[in-house]
>>> print(open('data22.cif').read())   # mmCIF, C-alpha atoms
data_my_file
loop_
_atom_site.label_atom_id
_atom_site.label_comp_id
_atom_site.auth_asym_id
_atom_site.auth_seq_id
_atom_site.Cartn_x
_atom_site.Cartn_y
_atom_site.Cartn_z
CA MET A 1 -52.56 -1.37 20.06
CA LYS A 2 -52.94 1.32 17.46
CA ARG A 3 -49.67 2.84 18.57
CA LEU A 4 -47.83 -0.45 18.01
CA LYS A 5 -49.37 -0.81 14.55
CA LEU A 6 -48.27 2.73 13.67
CA ALA A 7 -44.77 1.98 14.94
CA VAL A 8 -44.56 -1.14 12.77
CA ILE A 9 -45.73 0.81 9.69
CA ALA A 10 -43.20 3.57 10.42
CA LEU A 11 -40.47 0.96 10.78
CA PHE A 12 -41.17 -0.51 7.35
CA ALA A 13 -41.12 3.01 5.86
CA LEU A 14 -37.80 3.72 7.56
CA VAL A 15 -36.28 0.57 6.04
CA THR A 16 -36.67 2.04 2.56
CA VAL A 17 -34.57 5.15 3.34
CA SER A 18 -31.96 3.92 5.84
CA ASN A 19 -28.42 2.77 5.22
CA VAL A 20 -27.57 -0.61 6.68
CA ASN A 21 -24.43 -1.51 8.52
CA ALA A 22 -24.92 -5.04 9.78
CA GLN A 23 -23.47 -6.21 13.04
CA ASP A 24 -20.17 -7.93 12.25
CA GLU A 25 -16.63 -8.45 13.52
CA ASN A 26 -16.04 -4.67 13.45
CA ASN A 27 -18.86 -4.01 15.94
CA PRO A 28 -19.27 -7.40 17.57
CA TRP A 29 -21.43 -6.41 20.55
CA ALA A 30 -25.02 -5.14 20.59
CA VAL A 31 -27.62 -4.33 23.22
CA GLY A 32 -31.29 -3.66 22.63
CA PHE A 33 -34.35 -2.53 24.50
CA GLY A 34 -37.99 -1.92 23.58
CA LEU A 35 -41.53 -3.30 23.60
CA ASN A 36 -42.72 -6.87 23.23
CA ASN A 37 -46.13 -8.18 22.22
CA VAL A 38 -47.41 -11.66 23.12
CA ASP A 39 -50.23 -13.32 21.16
CA PHE A 40 -51.31 -16.83 22.24
CA TYR A 41 -52.49 -19.43 19.72
CA ASN A 42 -56.26 -19.79 19.61
CA THR A 43 -56.14 -22.54 16.97
CA ASP A 44 -53.75 -25.12 15.54
CA ASN A 45 -54.53 -24.02 11.99
CA PHE A 46 -51.67 -21.90 10.67
CA THR A 47 -53.84 -19.76 8.39
CA ASP A 48 -56.19 -18.97 11.25
CA GLN A 49 -53.22 -18.19 13.44
CA VAL A 50 -51.92 -15.63 10.95
CA LYS A 51 -55.36 -14.05 10.64
CA ASP A 52 -55.59 -13.91 14.39
CA LEU A 53 -52.12 -12.36 14.68
CA LEU A 54 -52.87 -9.66 12.12
CA GLY A 55 -56.32 -9.03 13.61
CA ASN A 56 -54.56 -8.14 16.88
CA THR A 57 -57.69 -8.70 19.02
CA ASP A 58 -55.62 -10.59 21.56
CA TRP A 59 -52.33 -8.68 21.50
CA ASN A 60 -50.71 -8.11 24.89
CA VAL A 61 -48.37 -5.14 25.16
CA LEU A 62 -46.92 -3.61 28.31
CA PRO A 63 -46.63 0.15 27.61
CA SER A 64 -43.04 0.50 28.80
CA ILE A 65 -39.65 -0.95 28.13
CA SER A 66 -40.44 -4.62 28.48
CA ARG A 67 -37.60 -6.42 26.70
CA ILE A 68 -33.83 -6.09 26.88
CA SER A 69 -31.23 -8.08 24.94
CA ALA A 70 -27.50 -8.48 24.51
CA GLU A 71 -25.72 -10.24 21.70
CA LYS A 72 -22.27 -11.12 20.40
CA TYR A 73 -21.28 -11.59 16.76
CA LEU A 74 -19.71 -15.03 16.30
CA ASP A 75 -18.57 -15.61 12.71
CA LYS A 76 -19.82 -15.83 9.11
CA GLY A 77 -23.11 -14.05 9.81
CA PHE A 78 -23.97 -15.90 13.04
CA SER A 79 -24.70 -14.06 16.31
CA LEU A 80 -25.69 -15.27 19.78
CA GLN A 81 -28.41 -13.28 21.56
CA VAL A 82 -29.74 -13.55 25.12
CA ALA A 83 -32.87 -11.62 26.05
CA GLY A 84 -35.26 -11.10 28.90
CA SER A 85 -38.86 -9.96 28.45
CA LEU A 86 -41.73 -9.05 30.75
CA ASN A 87 -45.41 -8.68 29.91
CA LYS A 88 -48.87 -8.49 31.40
CA ILE A 89 -51.38 -10.85 29.84
CA GLN A 90 -54.87 -9.35 29.69
CA THR A 91 -56.15 -11.17 26.62
CA LEU A 92 -55.81 -14.93 26.23
CA ASP A 93 -58.78 -15.88 24.07
CA VAL A 94 -60.99 -12.80 24.14
CA GLU A 95 -60.16 -9.24 25.11
CA ASN A 96 -59.63 -8.64 28.85
CA ASP A 97 -60.32 -12.24 29.87
CA SER A 98 -57.10 -12.55 31.90
CA ASP A 99 -54.79 -10.71 34.27
CA PHE A 100 -51.48 -12.44 34.97
CA LEU A 101 -47.73 -11.97 34.64
CA TYR A 102 -45.63 -13.22 31.72
CA TRP A 103 -41.81 -13.37 31.70
CA ALA A 104 -39.23 -15.15 29.60
CA LEU A 105 -35.49 -15.67 29.35
CA ASP A 106 -34.31 -16.73 25.89
CA ALA A 107 -31.09 -17.56 24.04
CA ILE A 108 -31.15 -17.67 20.25
CA VAL A 109 -28.67 -17.94 17.37
CA LYS A 110 -29.28 -15.41 14.58
CA TYR A 111 -28.13 -15.73 10.98
CA ASP A 112 -27.78 -12.63 8.80
CA LEU A 113 -29.40 -13.33 5.42
CA ASN A 114 -27.18 -10.76 3.71
CA ASN A 115 -24.51 -13.46 3.79
CA LEU A 116 -26.63 -15.37 1.26
CA VAL A 117 -28.02 -12.62 -0.95
CA GLY A 118 -25.27 -10.03 -0.63
CA ASP A 119 -25.23 -6.74 1.23
CA THR A 120 -28.38 -4.82 0.24
CA ALA A 121 -26.89 -1.56 1.54
CA TRP A 122 -30.26 -0.69 3.07
CA PHE A 123 -31.79 -3.78 4.72
CA ASP A 124 -30.44 -6.28 7.26
CA PRO A 125 -32.79 -9.29 7.60
CA TYR A 126 -32.11 -12.40 9.65
CA VAL A 127 -33.63 -15.66 10.85
CA TYR A 128 -33.19 -17.15 14.28
CA LEU A 129 -33.50 -20.40 16.20
CA GLY A 130 -33.08 -21.06 19.90
CA GLY A 131 -34.82 -21.75 23.14
CA GLY A 132 -35.57 -20.41 26.55
CA TYR A 133 -37.72 -20.54 29.64
CA THR A 134 -41.14 -18.90 29.68
CA SER A 135 -43.42 -18.42 32.69
CA VAL A 136 -47.12 -17.57 32.45
CA ASP A 137 -49.26 -17.18 35.59
CA ASP A 138 -46.63 -19.03 37.68
CA MET A 139 -46.54 -21.93 35.21
CA GLY A 140 -43.31 -22.25 33.27
CA GLU A 141 -41.45 -24.51 30.89
CA GLY A 142 -38.67 -24.60 28.30
CA MET A 143 -39.77 -23.54 24.84
CA LEU A 144 -38.38 -23.70 21.31
CA ASN A 145 -38.04 -20.30 19.58
CA VAL A 146 -37.95 -19.71 15.82
CA GLY A 147 -38.60 -16.61 13.79
CA VAL A 148 -37.40 -13.74 11.61
CA GLY A 149 -36.41 -10.13 12.06
CA PHE A 150 -34.45 -7.25 10.65
CA ASN A 151 -32.41 -4.22 11.68
CA THR A 152 -32.29 -0.85 10.01
CA TRP A 153 -29.60 1.59 11.12
CA PHE A 154 -29.68 5.34 11.68
CA ASN A 155 -25.85 5.42 11.72
CA ASP A 156 -22.92 3.10 12.37
CA ASN A 157 -24.07 2.29 15.90
CA LEU A 158 -27.79 3.04 16.42
CA GLY A 159 -30.71 1.35 14.74
CA LEU A 160 -34.25 -0.01 15.01
CA ASN A 161 -34.97 -3.69 15.45
CA PHE A 162 -38.10 -5.62 14.55
CA GLN A 163 -38.41 -9.31 15.37
CA THR A 164 -41.26 -11.78 15.35
CA GLY A 165 -41.43 -15.49 15.96
CA THR A 166 -43.20 -18.33 17.60
CA LYS A 167 -42.54 -20.17 20.85
CA LYS A 168 -43.60 -23.76 21.32
CA GLY A 169 -43.29 -25.76 24.54
CA PHE A 170 -42.99 -29.46 25.19
CA SER A 171 -45.12 -30.09 28.28
CA ASP A 172 -48.21 -27.94 27.57
CA LYS A 173 -47.69 -25.85 30.70
CA VAL A 174 -47.48 -22.71 28.56
CA ARG A 175 -49.65 -22.34 25.49
CA SER A 176 -47.76 -21.85 22.21
CA HIS A 177 -47.68 -18.20 21.19
CA TYR A 178 -46.16 -15.52 19.03
CA GLN A 179 -43.83 -12.92 20.49
CA THR A 180 -43.12 -9.76 18.48
CA THR A 181 -40.62 -7.11 19.55
CA LEU A 182 -39.89 -3.56 18.46
CA GLY A 183 -37.08 -1.45 19.88
CA LEU A 184 -33.77 0.28 19.59
CA VAL A 185 -30.49 -1.61 19.11
CA ILE A 186 -27.02 -0.25 19.81
CA LYS A 187 -23.91 -1.98 18.53
CA PHE A 188 -20.39 -1.28 19.70
CA GLY A 189 -16.94 -2.74 20.15
CA GLY A 190 -15.43 -1.67 16.82
CA LYS A 191 -12.01 0.05 16.90
CA ASP A 192 -11.15 2.94 14.56
CA THR A 193 -7.86 4.36 15.89
CA ASP A 194 -7.49 7.13 13.32
CA GLY A 195 -11.19 8.04 13.25
CA ASP A 196 -11.52 7.85 9.47
CA GLY A 197 -14.62 5.65 9.46
CA VAL A 198 -12.68 2.52 8.46
CA TYR A 199 -12.32 0.03 11.28
CA ASP A 200 -8.78 -1.04 12.18
CA LYS A 201 -9.48 -4.60 11.06
CA ASP A 202 -10.05 -3.40 7.49
CA ASP A 203 -7.79 -0.32 7.66
CA ALA A 204 -4.53 -0.70 5.74
CA CYS A 205 -3.31 2.50 7.46
CA PRO A 206 -4.88 2.27 10.96
CA GLU A 207 -2.74 5.03 12.46
CA VAL A 208 -3.36 7.62 9.70
CA ALA A 209 -6.79 8.96 8.72
CA GLY A 210 -7.62 8.08 5.13
CA LEU A 211 -10.38 7.28 2.67
CA LYS A 212 -12.69 4.28 2.47
CA GLU A 213 -11.96 3.78 -1.22
CA PHE A 214 -8.28 3.32 -0.31
CA ASN A 215 -8.97 0.95 2.61
CA GLY A 216 -8.35 3.73 5.12
CA CYS A 217 -5.13 5.06 3.56
CA PRO A 218 -4.70 8.78 2.79
CA ASP A 219 -4.44 10.65 -0.49
CA ALA A 220 -2.91 13.94 0.70
CA ASP A 221 -2.86 15.68 -2.68
CA GLY A 222 -6.29 14.45 -3.79
CA ASP A 223 -5.11 13.15 -7.16
CA GLY A 224 -6.83 9.79 -6.80
CA ILE A 225 -3.63 7.92 -5.99
CA LYS A 226 -3.14 6.82 -2.39
CA ASP A 227 -0.01 8.15 -0.73
CA SER A 228 1.70 4.76 -0.43
CA ASP A 229 1.55 4.40 -4.24
CA ASP A 230 2.13 8.09 -4.93
CA ALA A 231 5.71 9.05 -5.77
CA CYS A 232 4.71 12.70 -5.14
CA PRO A 233 2.17 12.41 -2.30
CA ASN A 234 1.98 16.16 -1.61
CA VAL A 235 1.65 17.36 -5.21
CA ALA A 236 -1.28 16.39 -7.44
CA GLY A 237 -0.13 14.49 -10.47
CA LEU A 238 -0.95 11.88 -13.06
CA ALA A 239 -1.58 8.17 -12.65
CA ALA A 240 0.78 7.51 -15.57
CA MET A 241 3.50 9.38 -13.64
CA ASN A 242 2.83 7.48 -10.38
CA GLY A 243 1.08 10.53 -8.98
CA CYS A 244 3.68 13.10 -10.03
CA PRO A 245 3.12 16.11 -12.32
CA ASP A 246 4.65 16.50 -15.79
CA ALA A 247 4.55 20.24 -16.56
CA ASP A 248 6.08 20.03 -20.05
CA GLY A 249 4.23 16.88 -21.09
CA ASP A 250 7.32 15.01 -22.22
CA GLY A 251 6.53 11.83 -20.33
CA VAL A 252 9.14 12.51 -17.64
CA ALA A 253 7.79 13.38 -14.18
CA ASP A 254 8.88 16.81 -12.96
CA LYS A 255 10.75 15.29 -10.02
CA ASP A 256 12.95 13.36 -12.45
CA ASP A 257 13.00 16.01 -15.18
CA MET A 258 16.23 18.01 -15.42
CA CYS A 259 14.38 20.42 -17.72
CA PRO A 260 10.83 20.42 -16.29
CA ASN A 261 9.66 23.37 -18.38
CA GLU A 262 11.24 22.29 -21.67
CA LYS A 263 10.07 19.22 -23.55
CA GLY A 264 12.75 16.60 -23.91
CA THR A 265 13.25 12.85 -23.96
CA LYS A 266 13.36 10.16 -21.31
CA ALA A 267 16.84 9.17 -22.43
CA ASN A 268 18.03 12.69 -21.57
CA ASN A 269 16.09 12.93 -18.28
CA GLY A 270 13.52 15.22 -19.85
CA CYS A 271 15.93 17.59 -21.61
CA PRO A 272 16.16 18.25 -25.37
CA ASP A 273 19.15 17.32 -27.53
CA SER A 274 18.67 19.11 -30.85
CA ASP A 275 21.62 17.52 -32.68
CA GLY A 276 21.08 14.07 -31.17
CA ASP A 277 24.70 13.71 -30.08
CA GLY A 278 23.85 12.65 -26.53
CA VAL A 279 24.70 16.05 -25.04
CA ILE A 280 21.62 17.94 -23.88
CA ASN A 281 21.24 21.44 -25.26
CA LYS A 282 21.94 23.27 -22.02
CA ASN A 283 25.32 21.51 -21.75
CA ASP A 284 26.10 21.44 -25.47
CA LYS A 285 28.58 24.07 -26.67
CA CYS A 286 27.56 23.20 -30.25
CA PRO A 287 23.85 22.35 -29.89
CA ASN A 288 23.33 22.11 -33.64
CA LYS A 289 26.48 20.10 -34.46
CA VAL A 290 27.07 16.52 -33.49
CA GLY A 291 29.90 16.17 -31.01
CA PRO A 292 31.01 14.00 -28.07
CA VAL A 293 30.33 14.62 -24.38
CA ALA A 294 34.07 14.88 -23.70
CA ASN A 295 34.32 17.85 -26.04
CA GLY A 296 31.20 19.64 -24.76
CA GLY A 297 29.08 18.40 -27.65
CA CYS A 298 31.34 19.86 -30.35
CA PRO A 299 33.23 17.93 -33.07
CA TRP A 300 36.82 16.96 -32.27
CA PRO A 301 39.66 18.71 -34.07
CA ASP A 302 42.94 17.05 -34.99
CA THR A 303 45.23 19.10 -32.77
CA ASP A 304 48.47 17.21 -33.49
CA GLY A 305 47.76 16.86 -37.23
CA ASP A 306 48.51 13.15 -37.30
CA GLY A 307 45.41 12.29 -39.27
CA VAL A 308 43.63 10.90 -36.19
CA LEU A 309 40.86 13.17 -34.92
CA ASP A 310 41.07 14.20 -31.32
CA LYS A 311 37.91 12.21 -30.61
CA ASP A 312 39.82 9.04 -31.50
CA ASP A 313 43.33 10.26 -30.59
CA LYS A 314 44.68 8.95 -27.31
CA CYS A 315 47.59 11.39 -27.75
CA PRO A 316 45.88 14.48 -29.22
CA ASN A 317 48.88 16.77 -28.62
CA GLU A 318 51.51 14.33 -29.90
CA ALA A 319 51.63 13.05 -33.46
CA GLY A 320 51.26 9.32 -33.67
CA VAL A 321 49.95 6.56 -35.86
CA ALA A 322 46.37 5.40 -36.46
CA SER A 323 47.29 1.82 -35.59
CA ASN A 324 48.14 2.98 -32.08
CA ASN A 325 45.08 5.28 -31.67
CA GLY A 326 47.05 8.40 -32.60
CA CYS A 327 49.88 7.80 -30.16
CA PRO A 328 53.51 7.01 -30.96
CA ALA A 329 54.26 3.33 -31.10
CA GLN A 330 55.28 2.34 -27.61
CA VAL A 331 56.10 -0.83 -25.84
CA ILE A 332 55.56 -1.64 -22.18
CA THR A 333 56.79 -4.87 -20.68
CA LYS A 334 54.34 -7.49 -19.59
CA GLU A 335 55.97 -7.43 -16.17
CA ALA A 336 55.30 -3.69 -15.79
CA GLU A 337 51.72 -4.07 -16.97
CA SER A 338 51.20 -7.00 -14.60
CA SER A 339 52.59 -4.93 -11.71
CA LEU A 340 50.11 -2.15 -12.46
CA LYS A 341 47.24 -4.64 -12.29
CA GLU A 342 48.43 -5.98 -8.92
CA TYR A 343 48.88 -2.48 -7.47
CA ALA A 344 45.41 -1.53 -8.72
CA LYS A 345 43.85 -4.43 -6.77
CA ALA A 346 45.16 -2.88 -3.56
CA ILE A 347 43.44 0.46 -4.17
CA LEU A 348 40.68 0.48 -1.54
CA PHE A 349 38.49 3.37 -0.42
CA ASN A 350 36.71 4.23 2.79
CA VAL A 351 33.02 3.22 2.70
CA GLY A 352 30.95 5.62 0.62
CA LYS A 353 33.92 8.02 0.21
CA THR A 354 36.70 8.85 -2.25
CA SER A 355 39.41 8.86 0.41
CA PHE A 356 41.90 5.97 0.43
CA LYS A 357 42.19 3.38 3.13
CA ALA A 358 45.41 3.13 5.09
CA GLY A 359 48.31 1.61 3.15
CA VAL A 360 46.92 2.37 -0.31
CA THR A 361 49.29 5.30 -1.01
CA SER A 362 52.31 3.03 -0.79
CA LYS A 363 50.88 0.94 -3.64
CA LEU A 364 50.11 4.08 -5.60
CA ASN A 365 53.70 5.23 -5.14
CA GLU A 366 54.89 1.95 -6.63
CA MET A 367 52.50 2.53 -9.52
CA VAL A 368 54.07 5.98 -10.06
CA LYS A 369 57.49 4.33 -10.40
CA VAL A 370 56.20 1.94 -13.08
CA MET A 371 54.59 4.78 -15.02
CA ASN A 372 57.70 6.98 -14.82
CA ASN A 373 59.81 4.07 -16.03
CA ASN A 374 57.54 3.93 -19.11
CA PRO A 375 57.30 7.66 -19.94
CA ASN A 376 55.72 7.21 -23.36
CA ALA A 377 52.87 4.97 -22.17
CA THR A 378 49.41 6.38 -21.52
CA PHE A 379 46.88 4.93 -19.16
CA VAL A 380 43.19 4.85 -18.40
CA ILE A 381 42.01 4.55 -14.81
CA GLU A 382 38.65 2.83 -14.60
CA GLY A 383 36.36 3.03 -11.57
CA HIS A 384 33.79 0.27 -11.01
CA THR A 385 31.17 -0.44 -8.31
CA ASP A 386 28.78 -3.21 -7.33
CA SER A 387 25.02 -2.82 -7.87
CA SER A 388 24.20 -1.67 -4.32
CA GLY A 389 22.40 1.69 -4.46
CA SER A 390 21.08 3.50 -7.51
CA ALA A 391 22.86 3.30 -10.87
CA SER A 392 23.30 7.09 -11.05
CA LEU A 393 24.88 7.22 -7.58
CA ASN A 394 27.19 4.32 -8.41
CA LEU A 395 28.27 6.06 -11.62
CA ARG A 396 29.16 9.26 -9.73
CA ILE A 397 31.09 7.36 -7.04
CA SER A 398 33.03 5.36 -9.62
CA GLU A 399 33.96 8.56 -11.51
CA LYS A 400 35.07 10.36 -8.36
CA ARG A 401 37.22 7.42 -7.24
CA ALA A 402 38.88 7.09 -10.64
CA ILE A 403 39.59 10.83 -10.55
CA ALA A 404 40.98 10.54 -7.00
CA VAL A 405 43.52 7.94 -8.22
CA ARG A 406 44.43 10.04 -11.24
CA ASP A 407 44.88 13.19 -9.13
CA TYR A 408 47.17 11.39 -6.70
CA LEU A 409 49.35 10.07 -9.53
CA VAL A 410 49.56 13.58 -11.04
CA LYS A 411 50.63 15.03 -7.70
CA GLN A 412 53.40 12.44 -7.58
CA GLY A 413 54.77 13.59 -10.94
CA VAL A 414 52.89 11.63 -13.63
CA ASP A 415 51.96 13.94 -16.52
CA THR A 416 48.21 14.54 -16.51
CA THR A 417 48.10 14.15 -20.32
CA ARG A 418 49.09 10.51 -19.90
CA LEU A 419 46.13 9.70 -17.64
CA GLU A 420 42.42 9.38 -18.26
CA ALA A 421 39.88 8.69 -15.51
CA ILE A 422 36.57 7.05 -16.39
CA GLY A 423 33.77 5.84 -14.10
CA TYR A 424 31.74 2.86 -15.28
CA GLY A 425 29.49 2.50 -12.21
CA GLU A 426 27.92 -0.91 -11.90
CA GLY A 427 27.84 -1.53 -15.65
CA GLU A 428 30.79 -3.95 -16.01
CA PRO A 429 30.69 -6.50 -13.17
CA VAL A 430 33.29 -9.25 -13.08
CA ALA A 431 31.38 -11.36 -10.55
CA SER A 432 27.84 -11.86 -9.32
CA ASN A 433 26.33 -8.99 -7.34
CA LYS A 434 24.16 -11.51 -5.49
CA THR A 435 26.97 -12.53 -3.11
CA ARG A 436 29.14 -10.51 -0.73
CA ALA A 437 32.30 -11.91 -2.30
CA GLY A 438 31.06 -11.06 -5.77
CA ARG A 439 30.18 -7.51 -4.80
CA ALA A 440 33.63 -7.07 -3.24
CA GLN A 441 35.25 -8.09 -6.55
CA ASN A 442 33.05 -5.65 -8.45
CA ARG A 443 34.16 -2.69 -6.28
CA ARG A 444 37.49 -2.14 -7.99
CA VAL A 445 39.88 0.21 -9.78
CA VAL A 446 41.50 -0.99 -12.99
CA VAL A 447 44.55 0.63 -14.64
CA LYS A 448 45.08 -0.14 -18.33
CA VAL A 449 47.73 0.86 -20.85
CA THR A 450 46.03 2.61 -23.76
CA ASN A 451 48.81 3.03 -26.32
CA LYS A 452 50.66 -0.27 -26.41
CA LYS A 453 50.99 -2.04 -29.72
#
>>> encode(input="data22.cif", output="structure tokens")
Amino acid sequence: MKRLKLAVIALFALVTVSNVNAQDENNPWAVGFGLNNVDFYNTDNFTDQVKDLLGNTDWNVLPSISRISAEKYLDKGFSLQVAGSLNKIQTLDVENDSDFLYWALDAIVKYDLNNLVGDTAWFDPYVYLGGGYTSVDDMGEGMLNVGVGFNTWFNDNLGLNFQTGTKKGFSDKVRSHYQTTLGLVIKFGGKDTDGDGVYDKDDACPEVAGLKEFNGCPDADGDGIKDSDDACPNVAGLAAMNGCPDADGDGVADKDDMCPNEKGTKANNGCPDSDGDGVINKNDKCPNKVGPVANGGCPWPDTDGDGVLDKDDKCPNEAGVASNNGCPAQVITKEAESSLKEYAKAILFNVGKTSFKAGVTSKLNEMVKVMNNNPNATFVIEGHTDSSGSASLNLRISEKRAIAVRDYLVKQGVDTTRLEAIGYGEGEPVASNKTRAGRAQNRRVVVKVTNKK
């Protein structure tokens, strides 16, 4: 008896230092085995019963494994347990006044009290209610079981169980009694595919080992941002940069920074522009003078001396008039201009390329004829795309396609000084990009006359 009392005291001490991991849907099965003590009522007075139970003068303990159990977690803190117990009754009313066999088969429903008070992180108490069949000295009957208990866990699967309750019959064949159990409990059935300590049910990345604070997802670079949200998962970075580093501290992540070691602006992809002309320093031939991109960041001269600066002069090598953007006054017929528009509609490219589709060159040849018949007219070739893909990629494709048209026309004899190729990317749609038909209209080449009156 003293050994059982010491075990109970040790169990309560263990509760104060153990981590709890209650049986739940992650580990739905549990088995247990240990000792059981039976203490028959000697009085109907509850206070006297408690005094008698604590006085332990009539405890009956079989010094071996005398109770086994199996249980299944159901839902919302409820579990179903079945158990079998065996005992030898030597004390019924006074010590050593009996010598007969006791056995019982019970089924109870347990309710985890942590579902009411919240997870204590160290203690897993429960109450139970059920019934079973109990036999004492070849006399048996069905009995109602009610009581309390708790588990405390050594790790995720192994723990100690303490349970005590009362059994009361209905036909007085077996005297009402307390049954107290102490033993080991093992839970199992949880699945953790990646072995990261987060069960698959709660693991947002069940196939890849990760961290509990990220619901089982990894943080490869250890910057506190899980890989799925980290734009630079293998390089430690800043939360403000979506997990990417910013070496020069200009607010542009290194992966997007064209000048990662030189502080710049977001508008210039992390590069500086000292004169603020929109041409970054490393590409600016006049970094301290305002100038356009087309002239390498330097101011335009007035090459033809017509009073219109080259930056505004559509004919910089030919004197013209300001009213016609620096070009000589020219006239092109509406019919010729209309023909150019129709030919331009037929300029189609192979998917994702700058090569023409079959039959396009014949339309371009017709366009050459119109341009040669209007030798003083100048033209701009505009490339446009739909919004599929990134804006920067669309801009490059549109520029390359406009240049491809210009280069073909030059090869067929149109003076290169009369042609300008510009890519506008997805910036000037003529239809909705939400429909296939609209996107098809937005993927286009437009040819415009730039020096008509």
>>> resolve_selection(input="data22.cif", expression="the PyMOL selection byres ((chain A and resi 202-206) around 10)", output="short mmCIF file (atom, residue, chain, number, x, y, z; two decimals) with C-alpha atoms, keeping the file's coordinate frame")
data_model
loop_
_atom_site.label_atom_id
_atom_site.label_comp_id
_atom_site.auth_asym_id
_atom_site.auth_seq_id
_atom_site.Cartn_x
_atom_site.Cartn_y
_atom_site.Cartn_z
CA ASN A 26 -16.04 -4.67 13.45
CA LYS A 191 -12.01 0.05 16.90
CA ASP A 192 -11.15 2.94 14.56
CA THR A 193 -7.86 4.36 15.89
CA ASP A 194 -7.49 7.13 13.32
CA GLY A 195 -11.19 8.04 13.25
CA ASP A 196 -11.52 7.85 9.47
CA GLY A 197 -14.62 5.65 9.46
CA VAL A 198 -12.68 2.52 8.46
CA TYR A 199 -12.32 0.03 11.28
CA ASP A 200 -8.78 -1.04 12.18
CA LYS A 201 -9.48 -4.60 11.06
CA GLU A 207 -2.74 5.03 12.46
CA VAL A 208 -3.36 7.62 9.70
CA ALA A 209 -6.79 8.96 8.72
CA GLY A 210 -7.62 8.08 5.13
CA LEU A 211 -10.38 7.28 2.67
CA LYS A 212 -12.69 4.28 2.47
CA PHE A 214 -8.28 3.32 -0.31
CA ASN A 215 -8.97 0.95 2.61
CA GLY A 216 -8.35 3.73 5.12
CA CYS A 217 -5.13 5.06 3.56
CA PRO A 218 -4.70 8.78 2.79
CA SER A 228 1.70 4.76 -0.43
#
>>> closest_residue(input="data22.cif", among="A:Val82, A:Val380, A:Met143, A:Val279", to="Gly291 (chain A)", atoms="only C-alpha atoms")
A:Val279
>>> residues_around(input="data22.cif", residues="Asn151 (chain A)", least_positions_apart="4", cutoff="6 Å", atoms="all atoms listed in the file", output="PyMOL selection string")
chain A and resi 124+160-161
>>> residues_around(input="data22.cif", residues="region 441-447 of chain A", least_positions_apart="5", cutoff="8 Å", atoms="only C-alpha atoms", output="list in words")
Leu340, Lys341, Ala344, Lys345, Ile347, Leu348, Phe379, Val380, Ile381, Glu382, Gly383, His384, Thr385, Asp386, Ala402, Glu426, Pro429, Val430, Ala431 and Asn433 of chain A
>>> residues_around(input="data22.cif", residues="Met139 (chain A)", least_positions_apart="4", cutoff="10 Å", atoms="all atoms listed in the file", output="list in words")
Tyr102, Thr134, Ser135, Asp172, Lys173 and Val174 of chain A
